[in-house]
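K.L.:
query.pdb is reproduced below (PDB, C-alpha atoms).
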ATOM      1  CA  MET O   1      69.237  98.114 100.605
ATOM      2  CA  ILE O   2      71.742  99.569 103.088
ATOM      3  CA  LEU O   3      75.329  99.193 101.851
ATOM      4  CA  LYS O   4      78.216  98.834 104.293
ATOM      5  CA  HIS O   5      80.690 100.814 102.156
ATOM      6  CA  LYS O   6      78.348 103.818 102.317
ATOM      7  CA  SER O   7      78.363 103.799 106.118
ATOM      8  CA  HIS O   8      80.392 106.109 108.331
ATOM      9  CA  LEU O   9      80.485 107.489 111.872
ATOM     10  CA  LEU O  10      80.494 111.071 113.126
ATOM     11  CA  ASN O  11      81.356 112.120 116.673
ATOM     12  CA  GLN O  12      81.294 115.339 118.698
ATOM     13  CA  SER O  13      82.156 116.230 122.259
ATOM     14  CA  GLU O  14      79.129 117.597 124.103
ATOM     15  CA  SER O  15      79.273 121.090 125.628
ATOM     16  CA  VAL O  16      76.653 120.087 128.203
ATOM     17  CA  TYR O  17      75.988 116.482 129.125
ATOM     18  CA  GLY O  18      73.281 115.009 126.903
ATOM     19  CA  ASP O  19      72.978 117.977 124.494
ATOM     20  CA  GLY O  20      73.497 115.643 121.528
ATOM     21  CA  GLY O  21      75.959 117.903 119.714
ATOM     22  CA  THR O  22      75.213 120.773 117.360
ATOM     23  CA  GLY O  23      76.071 121.852 113.819
ATOM     24  CA  TRP O  24      77.049 118.429 112.551
ATOM     25  CA  ALA O  25      79.451 118.555 109.606
ATOM     26  CA  GLY O  26      81.675 116.289 107.556
ATOM     27  CA  THR O  27      84.689 117.261 109.679
ATOM     28  CA  ASP O  28      83.087 115.395 112.609
ATOM     29  CA  ALA O  29      83.690 112.127 110.749
ATOM     30  CA  VAL O  30      85.736 109.336 112.332
ATOM     31  CA  GLN O  31      87.913 107.356 109.929
ATOM     32  CA  LEU O  32      87.095 103.744 110.759
ATOM     33  CA  LEU O  33      88.835 100.527 109.809
ATOM     34  CA  THR O  34      86.964  98.185 107.476
ATOM     35  CA  ASP O  35      86.264  95.664 110.261
ATOM     36  CA  MET O  36      83.734  98.055 111.822
ATOM     37  CA  ASN O  37      80.624  96.637 113.426
ATOM     38  CA  PRO O  38      77.178  98.172 112.987
ATOM     39  CA  PRO O  39      75.772  99.899 116.081
ATOM     40  CA  ARG O  40      73.910  97.593 118.414
ATOM     41  CA  MET O  41      70.499  98.927 119.414
ATOM     42  CA  ILE O  42      69.516  97.373 122.727
ATOM     43  CA  VAL O  43      65.829  97.430 123.654
ATOM     44  CA  GLU O  44      65.176  95.737 126.963
ATOM     45  CA  GLN O  45      62.178  93.410 127.083
ATOM     46  CA  PHE O  46      60.086  92.519 130.120
ATOM     47  CA  ASN O  47      58.067  89.343 129.990
ATOM     48  CA  ARG O  48      54.541  89.791 131.327
ATOM     49  CA  MET O  49      54.639  86.190 132.637
ATOM     50  CA  LEU O  50      50.939  85.673 131.984
ATOM     51  CA  HIS O  51      49.603  82.206 132.625
ATOM     52  CA  GLN O  52      48.459  80.691 129.326
ATOM     53  CA  GLN O  53      45.879  77.965 128.726
ATOM     54  CA  ASP O  54      48.130  76.316 126.137
ATOM     55  CA  PHE O  55      51.836  75.943 125.428
ATOM     56  CA  SER O  56      52.241  79.435 123.940
ATOM     57  CA  ALA O  57      54.574  82.018 125.417
ATOM     58  CA  SER O  58      53.530  85.157 127.226
ATOM     59  CA  ASP O  59      54.092  88.462 125.465
ATOM     60  CA  ASN O  60      56.654  91.147 126.357
ATOM     61  CA  LEU O  61      56.606  94.869 127.019
ATOM     62  CA  PRO O  62      59.451  97.044 125.721
ATOM     63  CA  GLY O  63      61.749  98.683 128.241
ATOM     64  CA  SER O  64      64.589 101.179 128.051
ATOM     65  CA  GLU O  65      66.660 101.598 124.908
ATOM     66  CA  TYR O  66      70.318 102.441 124.428
ATOM     67  CA  MET O  67      73.127 102.021 121.926
ATOM     68  CA  GLU O  68      76.444 100.168 121.985
ATOM     69  CA  PHE O  69      79.270 100.892 119.539
ATOM     70  CA  SER O  70      82.450  99.003 118.719
ATOM     71  CA  PHE O  71      84.964 100.275 116.177
ATOM     72  CA  ARG O  72      88.670 100.723 115.513
ATOM     73  CA  THR O  73      90.794 103.655 114.356
ATOM     74  CA  GLU O  74      94.459 104.256 113.679
ATOM     75  CA  LEU O  75      96.594 106.236 116.107
ATOM     76  CA  PHE O  76      98.812 109.005 114.700
ATOM     77  CA  GLY O  77     100.399 112.357 115.391
ATOM     78  CA  ALA O  78      98.711 115.616 114.432
ATOM     79  CA  GLY O  79     101.662 116.832 112.337
ATOM     80  CA  SER O  80     102.880 119.471 114.817
ATOM     81  CA  ALA O  81     104.152 119.154 118.384
ATOM     82  CA  ASP O  82     101.120 120.858 119.942
ATOM     83  CA  GLY O  83      98.566 119.772 117.329
ATOM     84  CA  ILE O  84      95.461 117.969 118.588
ATOM     85  CA  PRO O  85      95.037 114.537 116.969
ATOM     86  CA  LYS O  86      91.618 113.761 115.541
ATOM     87  CA  TRP O  87      91.224 110.730 117.823
ATOM     88  CA  GLY O  88      91.879 112.928 120.866
ATOM     89  CA  ARG O  89      88.209 113.767 121.428
ATOM     90  CA  LEU O  90      87.390 110.046 121.586
ATOM     91  CA  LEU O  91      90.067 109.678 124.266
ATOM     92  CA  GLN O  92      88.565 112.555 126.253
ATOM     93  CA  GLN O  93      85.206 110.764 126.068
ATOM     94  CA  ALA O  94      87.009 107.761 127.598
ATOM     95  CA  GLY O  95      87.717 109.715 130.794
ATOM     96  CA  PHE O  96      90.917 111.603 129.937
ATOM     97  CA  SER O  97      91.615 115.290 130.449
ATOM     98  CA  ARG O  98      93.555 117.217 127.788
ATOM     99  CA  THR O  99      96.372 119.706 128.342
ATOM    100  CA  VAL O 100      97.960 121.552 125.422
ATOM    101  CA  VAL O 101     101.486 122.803 126.157
ATOM    102  CA  SER O 102     102.036 125.428 123.479
ATOM    103  CA  SER O 103     104.763 124.511 120.954
ATOM    104  CA  ASN O 104     105.670 121.381 122.927
ATOM    105  CA  CYS O 105     103.041 118.655 123.261
ATOM    106  CA  VAL O 106      99.481 117.569 123.970
ATOM    107  CA  LYS O 107      98.913 115.482 127.107
ATOM    108  CA  TYR O 108      95.931 113.248 127.863
ATOM    109  CA  THR O 109      95.769 112.119 131.490
ATOM    110  CA  THR O 110      93.266 109.868 133.244
ATOM    111  CA  ALA O 111      90.557 111.844 135.039
ATOM    112  CA  THR O 112      87.622 111.170 137.351
ATOM    113  CA  ASP O 113      85.770 114.487 137.579
ATOM    114  CA  SER O 114      84.436 116.931 134.947
ATOM    115  CA  LEU O 115      84.557 114.320 132.213
ATOM    116  CA  THR O 116      83.762 115.071 128.570
ATOM    117  CA  SER O 117      80.786 113.204 127.123
ATOM    118  CA  GLY O 118      80.100 112.590 123.450
ATOM    119  CA  ALA O 119      77.391 112.339 120.815
ATOM    120  CA  TYR O 120      77.385 109.954 117.856
ATOM    121  CA  TRP O 121      75.843 110.117 114.411
ATOM    122  CA  TRP O 122      75.967 106.768 112.638
ATOM    123  CA  GLN O 123      75.208 107.084 108.942
ATOM    124  CA  MET O 124      74.248 103.787 107.303
ATOM    125  CA  ASP O 125      73.765 104.671 103.638
ATOM    126  CA  GLY O 126      70.557 106.759 103.814
ATOM    127  CA  LEU O 127      69.692 105.831 107.420
ATOM    128  CA  ARG O 128      70.752 108.123 110.270
ATOM    129  CA  ILE O 129      70.990 106.960 113.890
ATOM    130  CA  THR O 130      71.975 109.560 116.473
ATOM    131  CA  CYS O 131      72.493 109.218 120.216
ATOM    132  CA  LYS O 132      73.891 111.273 123.056
ATOM    133  CA  GLY O 133      75.438 111.217 126.526
ATOM    134  CA  ALA O 134      78.119 108.751 125.423
ATOM    135  CA  TYR O 135      81.243 107.542 127.181
ATOM    136  CA  ASN O 136      83.905 105.246 125.759
ATOM    137  CA  ASP O 137      86.263 102.497 126.750
ATOM    138  CA  VAL O 138      89.424 101.988 124.711
ATOM    139  CA  THR O 139      92.284  99.577 124.228
ATOM    140  CA  LEU O 140      95.487 100.869 122.615
ATOM    141  CA  ASN O 141      97.081  98.333 120.262
ATOM    142  CA  LEU O 142     100.821  99.086 120.238
ATOM    143  CA  GLY O 143     102.288  95.673 119.434
ATOM    144  CA  TYR O 144     105.498  95.310 117.437
ATOM    145  CA  ASN O 145     105.481  94.826 113.654
ATOM    146  CA  ASP O 146     101.896  96.070 113.433
ATOM    147  CA  ILE O 147     100.079  99.360 112.855
ATOM    148  CA  ALA O 148      99.361 101.482 115.938
ATOM    149  CA  ARG O 149      95.606 101.395 116.436
ATOM    150  CA  ALA O 150      92.879 101.816 119.047
ATOM    151  CA  THR O 151      89.803  99.689 119.701
ATOM    152  CA  TRP O 152      86.863 101.725 121.006
ATOM    153  CA  THR O 153      83.590 100.687 122.620
ATOM    154  CA  ALA O 154      80.882 103.139 123.667
ATOM    155  CA  LYS O 155      77.418 103.364 125.183
ATOM    156  CA  ALA O 156      74.897 106.138 124.549
ATOM    157  CA  PHE O 157      71.163 106.817 124.880
ATOM    158  CA  GLY O 158      68.476 109.019 123.329
ATOM    159  CA  LEU O 159      68.305 107.215 120.002
ATOM    160  CA  VAL O 160      66.813 108.993 117.001
ATOM    161  CA  LYS O 161      66.345 107.038 113.766
ATOM    162  CA  SER O 162      65.497 108.691 110.475
ATOM    163  CA  ALA O 163      66.011 108.287 106.739
ATOM    164  CA  GLU O 164      67.683 111.323 105.233
ATOM    165  CA  THR O 165      70.484 112.522 102.998
ATOM    166  CA  LYS O 166      73.834 111.686 104.522
ATOM    167  CA  ILE O 167      76.581 114.116 105.525
ATOM    168  CA  ALA O 168      79.628 113.517 103.314
ATOM    169  CA  PRO O 169      82.592 112.636 105.552
ATOM    170  CA  ASP O 170      85.699 114.821 105.554
ATOM    171  CA  PHE O 171      88.740 112.888 106.821
ATOM    172  CA  THR O 172      91.169 115.801 106.687
ATOM    173  CA  GLY O 173      93.503 115.492 109.679
ATOM    174  CA  TRP O 174      93.148 111.734 109.991
ATOM    175  CA  ASN O 175      96.838 111.223 109.259
ATOM    176  CA  ARG O 176      98.809 108.108 108.471
ATOM    177  CA  SER O 177      99.675 105.936 111.439
ATOM    178  CA  TRP O 178     102.981 104.234 112.270
ATOM    179  CA  THR O 179     104.058 100.657 111.923
ATOM    180  CA  VAL O 180     105.612  99.806 115.290
ATOM    181  CA  LEU O 181     109.159  98.899 114.212
ATOM    182  CA  ASP O 182     112.585  98.990 115.820
ATOM    183  CA  LYS O 183     113.714 101.863 113.565
ATOM    184  CA  ASN O 184     110.973 104.248 114.774
ATOM    185  CA  THR O 185     110.107 102.939 118.241
ATOM    186  CA  GLY O 186     111.855 103.150 121.575
ATOM    187  CA  ASP O 187     112.147 100.200 123.932
ATOM    188  CA  ILE O 188     109.892  99.776 126.937
ATOM    189  CA  LYS O 189     111.519 101.502 129.884
ATOM    190  CA  PHE O 190     111.171 100.872 133.607
ATOM    191  CA  GLY O 191     112.116 103.697 135.973
ATOM    192  CA  SER O 192     111.785 106.518 133.431
ATOM    193  CA  SER O 193     110.322 110.013 133.925
ATOM    194  CA  LEU O 194     107.955 112.262 131.978
ATOM    195  CA  ASN O 195     108.839 115.927 131.567
ATOM    196  CA  GLY O 196     105.506 117.653 132.104
ATOM    197  CA  THR O 197     106.496 120.682 130.029
ATOM    198  CA  THR O 198     108.171 119.160 126.978
ATOM    199  CA  GLY O 199     106.433 115.778 127.038
ATOM    200  CA  ALA O 200     109.801 114.051 126.645
ATOM    201  CA  ILE O 201     110.643 110.736 128.320
ATOM    202  CA  THR O 202     113.980 110.659 130.131
ATOM    203  CA  GLY O 203     116.017 108.109 132.064
ATOM    204  CA  GLY O 204     115.047 104.564 132.925
ATOM    205  CA  THR O 205     116.266 101.126 131.858
ATOM    206  CA  ALA O 206     115.296 100.019 128.343
ATOM    207  CA  TYR O 207     114.355  96.456 127.421
ATOM    208  CA  PRO O 208     113.795  94.914 123.978
ATOM    209  CA  SER O 209     110.175  93.823 123.762
ATOM    210  CA  LYS O 210     107.137  93.027 121.651
ATOM    211  CA  GLY O 211     105.713  96.454 122.449
ATOM    212  CA  ILE O 212     102.352  96.661 124.196
ATOM    213  CA  PRO O 213      99.818  94.725 122.091
ATOM    214  CA  GLU O 214      96.921  95.656 124.362
ATOM    215  CA  LEU O 215      96.954  98.573 126.775
ATOM    216  CA  ARG O 216      93.459  98.248 128.228
ATOM    217  CA  ILE O 217      92.010 101.391 129.830
ATOM    218  CA  GLY O 218      89.313  99.201 131.377
ATOM    219  CA  ASN O 219      86.493 101.696 131.853
ATOM    220  CA  GLU O 220      83.290 100.204 133.247
ATOM    221  CA  VAL O 221      80.740 102.143 131.175
ATOM    222  CA  VAL O 222      77.222 101.892 132.610
ATOM    223  CA  TYR O 223      73.844 102.781 131.141
ATOM    224  CA  ASP O 224      71.330 103.811 133.835
ATOM    225  CA  PRO O 225      67.635 104.345 132.885
ATOM    226  CA  LEU O 226      66.927 106.223 136.121
ATOM    227  CA  LEU O 227      63.623 108.102 135.994
ATOM    228  CA  GLY O 228      64.319 111.766 135.397
ATOM    229  CA  GLY O 229      68.024 111.049 135.125
ATOM    230  CA  GLU O 230      68.681 108.666 132.240
ATOM    231  CA  SER O 231      72.420 108.641 131.652
ATOM    232  CA  VAL O 232      75.607 106.820 130.740
ATOM    233  CA  TYR O 233      78.634 107.146 133.002
ATOM    234  CA  ILE O 234      82.029 105.653 133.805
ATOM    235  CA  ALA O 235      81.648 103.767 137.081
ATOM    236  CA  SER O 236      85.223 102.512 137.523
ATOM    237  CA  ARG O 237      88.525 102.017 135.727
ATOM    238  CA  SER O 238      91.310  99.418 135.832
ATOM    239  CA  ILE O 239      94.238 100.023 133.470
ATOM    240  CA  THR O 240      96.136  96.845 132.621
ATOM    241  CA  ALA O 241      98.562  95.515 130.020
ATOM    242  CA  GLN O 242     100.975  92.683 129.357
ATOM    243  CA  VAL O 243     104.538  92.884 128.076
ATOM    244  CA  GLU O 244     107.120  90.348 126.917
ATOM    245  CA  LEU O 245     110.743  91.349 127.489
ATOM    246  CA  ARG O 246     114.120  90.039 126.313
ATOM    247  CA  LEU O 247     116.388  90.034 129.373
ATOM    248  CA  THR O 248     119.956  89.065 130.129
ATOM    249  CA  PRO O 249     120.430  86.731 133.114
ATOM    250  CA  ASP O 250     121.517  89.688 135.254
ATOM    251  CA  GLN O 251     118.475  91.731 134.170
ATOM    252  CA  PHE O 252     116.196  88.788 134.883
ATOM    253  CA  GLU O 253     117.593  88.502 138.388
ATOM    254  CA  THR O 254     116.972  92.212 138.994
ATOM    255  CA  VAL O 255     113.468  92.369 137.520
ATOM    256  CA  ILE O 256     112.240  89.154 139.149
ATOM    257  CA  GLY O 257     113.683  90.290 142.465
ATOM    258  CA  GLU O 258     111.633  93.491 142.191
ATOM    259  CA  VAL O 259     108.504  91.554 141.235
ATOM    260  CA  GLU O 260     108.927  89.188 144.175
ATOM    261  CA  ALA O 261     109.420  92.142 146.531
ATOM    262  CA  GLY O 262     106.367  93.958 145.144
ATOM    263  CA  THR O 263     108.546  96.866 144.048
ATOM    264  CA  GLU O 264     106.609  99.254 141.843
ATOM    265  CA  THR O 265     108.161 101.219 138.993
ATOM    266  CA  SER O 266     107.303 103.713 136.292
ATOM    267  CA  LEU O 267     106.855 102.589 132.682
ATOM    268  CA  SER O 268     107.123 104.374 129.356
ATOM    269  CA  PHE O 269     106.904 103.446 125.686
ATOM    270  CA  THR O 270     107.357 105.768 122.704
ATOM    271  CA  ILE O 271     106.491 105.406 119.022
ATOM    272  CA  GLY O 272     107.921 107.730 116.372
ATOM    273  CA  SER O 273     110.861 110.119 116.343
ATOM    274  CA  ALA O 274     109.879 113.130 114.200
ATOM    275  CA  THR O 275     108.177 116.236 115.604
ATOM    276  CA  GLY O 276     104.414 115.929 115.248
ATOM    277  CA  ARG O 277     104.801 112.189 114.718
ATOM    278  CA  ARG O 278     105.517 110.938 118.245
ATOM    279  CA  LEU O 279     103.269 109.194 120.743
ATOM    280  CA  SER O 280     104.283 108.161 124.261
ATOM    281  CA  VAL O 281     102.485 106.342 127.036
ATOM    282  CA  PHE O 282     103.655 106.851 130.623
ATOM    283  CA  GLY O 283     102.587 105.318 133.906
ATOM    284  CA  PRO O 284     104.267 106.802 137.012
ATOM    285  CA  ARG O 285     103.402 103.841 139.232
ATOM    286  CA  VAL O 286     103.118 100.369 137.709
ATOM    287  CA  GLU O 287     102.744  97.045 139.466
ATOM    288  CA  ARG O 288     104.317  93.987 137.790
ATOM    289  CA  HIS O 289     102.965  90.536 138.563
ATOM    290  CA  ASN O 290     102.288  87.005 137.256
ATOM    291  CA  PRO O 291     105.741  86.435 135.719
ATOM    292  CA  GLU O 292     106.040  83.547 133.284
ATOM    293  CA  TRP O 293     108.160  82.486 130.328
ATOM    294  CA  SER O 294     107.074  82.771 126.707
ATOM    295  CA  GLN O 295     108.859  81.312 123.702
ATOM    296  CA  HIS O 296     109.811  83.564 120.793
ATOM    297  CA  ASN O 297     111.941  82.358 117.877
ATOM    298  CA  LYS O 298     113.610  79.708 120.092
ATOM    299  CA  GLU O 299     114.475  82.152 122.854
ATOM    300  CA  TRP O 300     112.777  82.743 126.189
ATOM    301  CA  LEU O 301     111.102  86.043 126.962
ATOM    302  CA  LEU O 302     109.763  87.138 130.347
ATOM    303  CA  LYS O 303     106.027  87.859 130.264
ATOM    304  CA  LEU O 304     104.651  90.238 132.895
ATOM    305  CA  ASP O 305     101.143  91.474 133.667
ATOM    306  CA  LEU O 306     100.975  95.185 134.465
ATOM    307  CA  THR O 307      98.544  97.255 136.526
ATOM    308  CA  PHE O 308      98.738 101.064 136.282
ATOM    309  CA  LEU O 309      98.135 102.921 139.557
ATOM    310  CA  SER O 310      97.859 106.572 140.563
ATOM    311  CA  THR O 311     100.818 107.920 142.498
ATOM    312  CA  VAL O 312      98.611 108.816 145.479
ATOM    313  CA  GLY O 313      94.911 108.436 146.158
ATOM    314  CA  GLY O 314      92.885 110.755 143.943
ATOM    315  CA  ALA O 315      95.871 111.925 141.887
ATOM    316  CA  ASN O 316      94.268 110.792 138.613
ATOM    317  CA  ASP O 317      97.690 110.257 137.013
ATOM    318  CA  ALA O 318      97.673 106.499 136.422
ATOM    319  CA  LEU O 319      98.328 106.964 132.702
ATOM    320  CA  THR O 320      99.376 109.863 130.511
ATOM    321  CA  ILE O 321      99.350 109.684 126.705
ATOM    322  CA  VAL O 322     101.469 112.316 124.977
ATOM    323  CA  THR O 323     101.604 113.417 121.337
ATOM    324  CA  ARG O 324     104.334 115.819 120.276
TER     325      ARG O 324
END
Have the structure of the file written as structure tokens, please.

P.N.:
Amino acid sequence: MILKHKSHLLNQSESVYGDGGTGWAGTDAVQLLTDMNPPRMIVEQFNRMLHQQDFSASDNLPGSEYMEFSFRTELFGAGSADGIPKWGRLLQQAGFSRTVVSSNCVKYTTATDSLTSGAYWWQMDGLRITCKGAYNDVTLNLGYNDIARATWTAKAFGLVKSAETKIAPDFTGWNRSWTVLDKNTGDIKFGSSLNGTTGAITGGTAYPSKGIPELRIGNEVVYDPLLGGESVYIASRSITAQVELRLTPDQFETVIGEVEAGTETSLSFTIGSATGRRLSVFGPRVERHNPEWSQHNKEWLLKLDLTFLSTVGGANDALTIVTR
């Protein structure tokens, strides 16, 4: 018997791609939500397509093998302005670089080169499944009147399965999240700026909203069984989201005019107000499109699709996530 409540996940960032991590300990544990899915072991099958003398099927030969993960965690601050949140390493494995500004903030910015890969250890009661060379995709769930969370998916290879005594998880540092409420959350802002030193958001026009229920990083994570070069990598990225805004008639005229003209803007959204308990997302160049009305408590809100772009080709600054 393998019991779900005795299952947990450990994760490390790899020093060298595919090294599988070292010195696994309880502090590598990831605090999952209860709706976790078991890892999906994918073994490709190749049908031999042999002609049979009866109605029976032809047999198969096994092919390459890799792992897919899907799980959710809470988002939270580290407790100090420049503290590194426990979920930060998962974000780095989703193609973000990390910059710690001493005493001020921690910044995670989209990257293309020198990415950080990961290794996973999935403990299912007494069964251990490990894999390496992993990269993640992630969707940030920052909708109003809900807990701030992240939905992660990952691919990895080099599976090792064994029955052994589990590592007891240590969830120290996995702090309490926020409920995204008006009293602790700023409005969505268009035209704001990010101070690269302090991590503070300044300026811009604020709009009441439903938050950002799904900020999709949109990594295309590929498993490639190339001979002599088996690997997982991020092949492309498309960061998108959707917002619903309460606008006055004058604001509607302005925003729709900008959408119709293809005018791009910056966008920011902040949760929390206390030091060590703040999280901001910032896109310096955001395209707004597909405007339509949505009904909310007998009022009309403007719904917009968003695409996050880099400021110039190769700038790798389409999205920055700040904790401080």

K.L.:
For the atom pair CA of Ser103 in chain O and CA of Asp82 in chain O, what is the interatomic distance in Å to one decimal place?

P.N.:
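Interatomic distance, CA of Ser103 in chain O to CA of Asp82 in chain O: 5.3 Å.
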
K.L.:
Selection in question (the file shown): the PyMOL selection byres ((chain O and resi 255) around 12). Which residues does it include, as a count of residues only?

P.N.:
31

K.L.:
Tell me, counting only C-alpha atoms, for each residue of range 248-288 of chain O within 12 Å of range 53-75 of chain O, which pair of atoms is nearest and how far apart they are in Å to one decimal, in rows ordered by chain and increasing number, as JSON lines.

P.N.:
{"residue": "O:Ile271", "atom": "CA", "partner": "O:Leu75", "partner_atom": "CA", "distance": 10.4}
{"residue": "O:Gly272", "atom": "CA", "partner": "O:Leu75", "partner_atom": "CA", "distance": 11.4}
{"residue": "O:Arg277", "atom": "CA", "partner": "O:Leu75", "partner_atom": "CA", "distance": 10.2}
{"residue": "O:Arg278", "atom": "CA", "partner": "O:Leu75", "partner_atom": "CA", "distance": 10.3}
{"residue": "O:Leu279", "atom": "CA", "partner": "O:Leu75", "partner_atom": "CA", "distance": 8.6}
{"residue": "O:Ser280", "atom": "CA", "partner": "O:Leu75", "partner_atom": "CA", "distance": 11.4}

K.L.:
Residues around (97.3, 101.1, 139.9), cut-off 9 Å, counting only C-alpha atoms - what are they as a VMD selection string?

P.N.:
chain O and resid 238 to 240 285 to 287 306 to 311 318

K.L.:
Given the PyMOL selection byres ((chain O and resi 101) around 10) and the file above, list the residues it selects as an NGL selection string.

P.N.:
:O and (81-83 or 98-100 or 102-107 or 196-199 or 324)

K.L.:
Nearest to Gly133 in chain O among O:Gly211, O:Gly18, O:Pro284, O:Pro85, with distances taken over only C-alpha atoms: which residue is it?

P.N.:
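Checking each of O:Gly211, O:Gly18, O:Pro284, O:Pro85 against Gly133 in chain O, counting only C-alpha atoms, the winner is O:Gly18.
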
K.L.:
Measuring between only C-alpha atoms, which one of O:Thr110, O:Thr323, O:Thr151, O:Ser80 shows the shortest distance to Leu33 in chain O?

P.N.:
O:Thr151
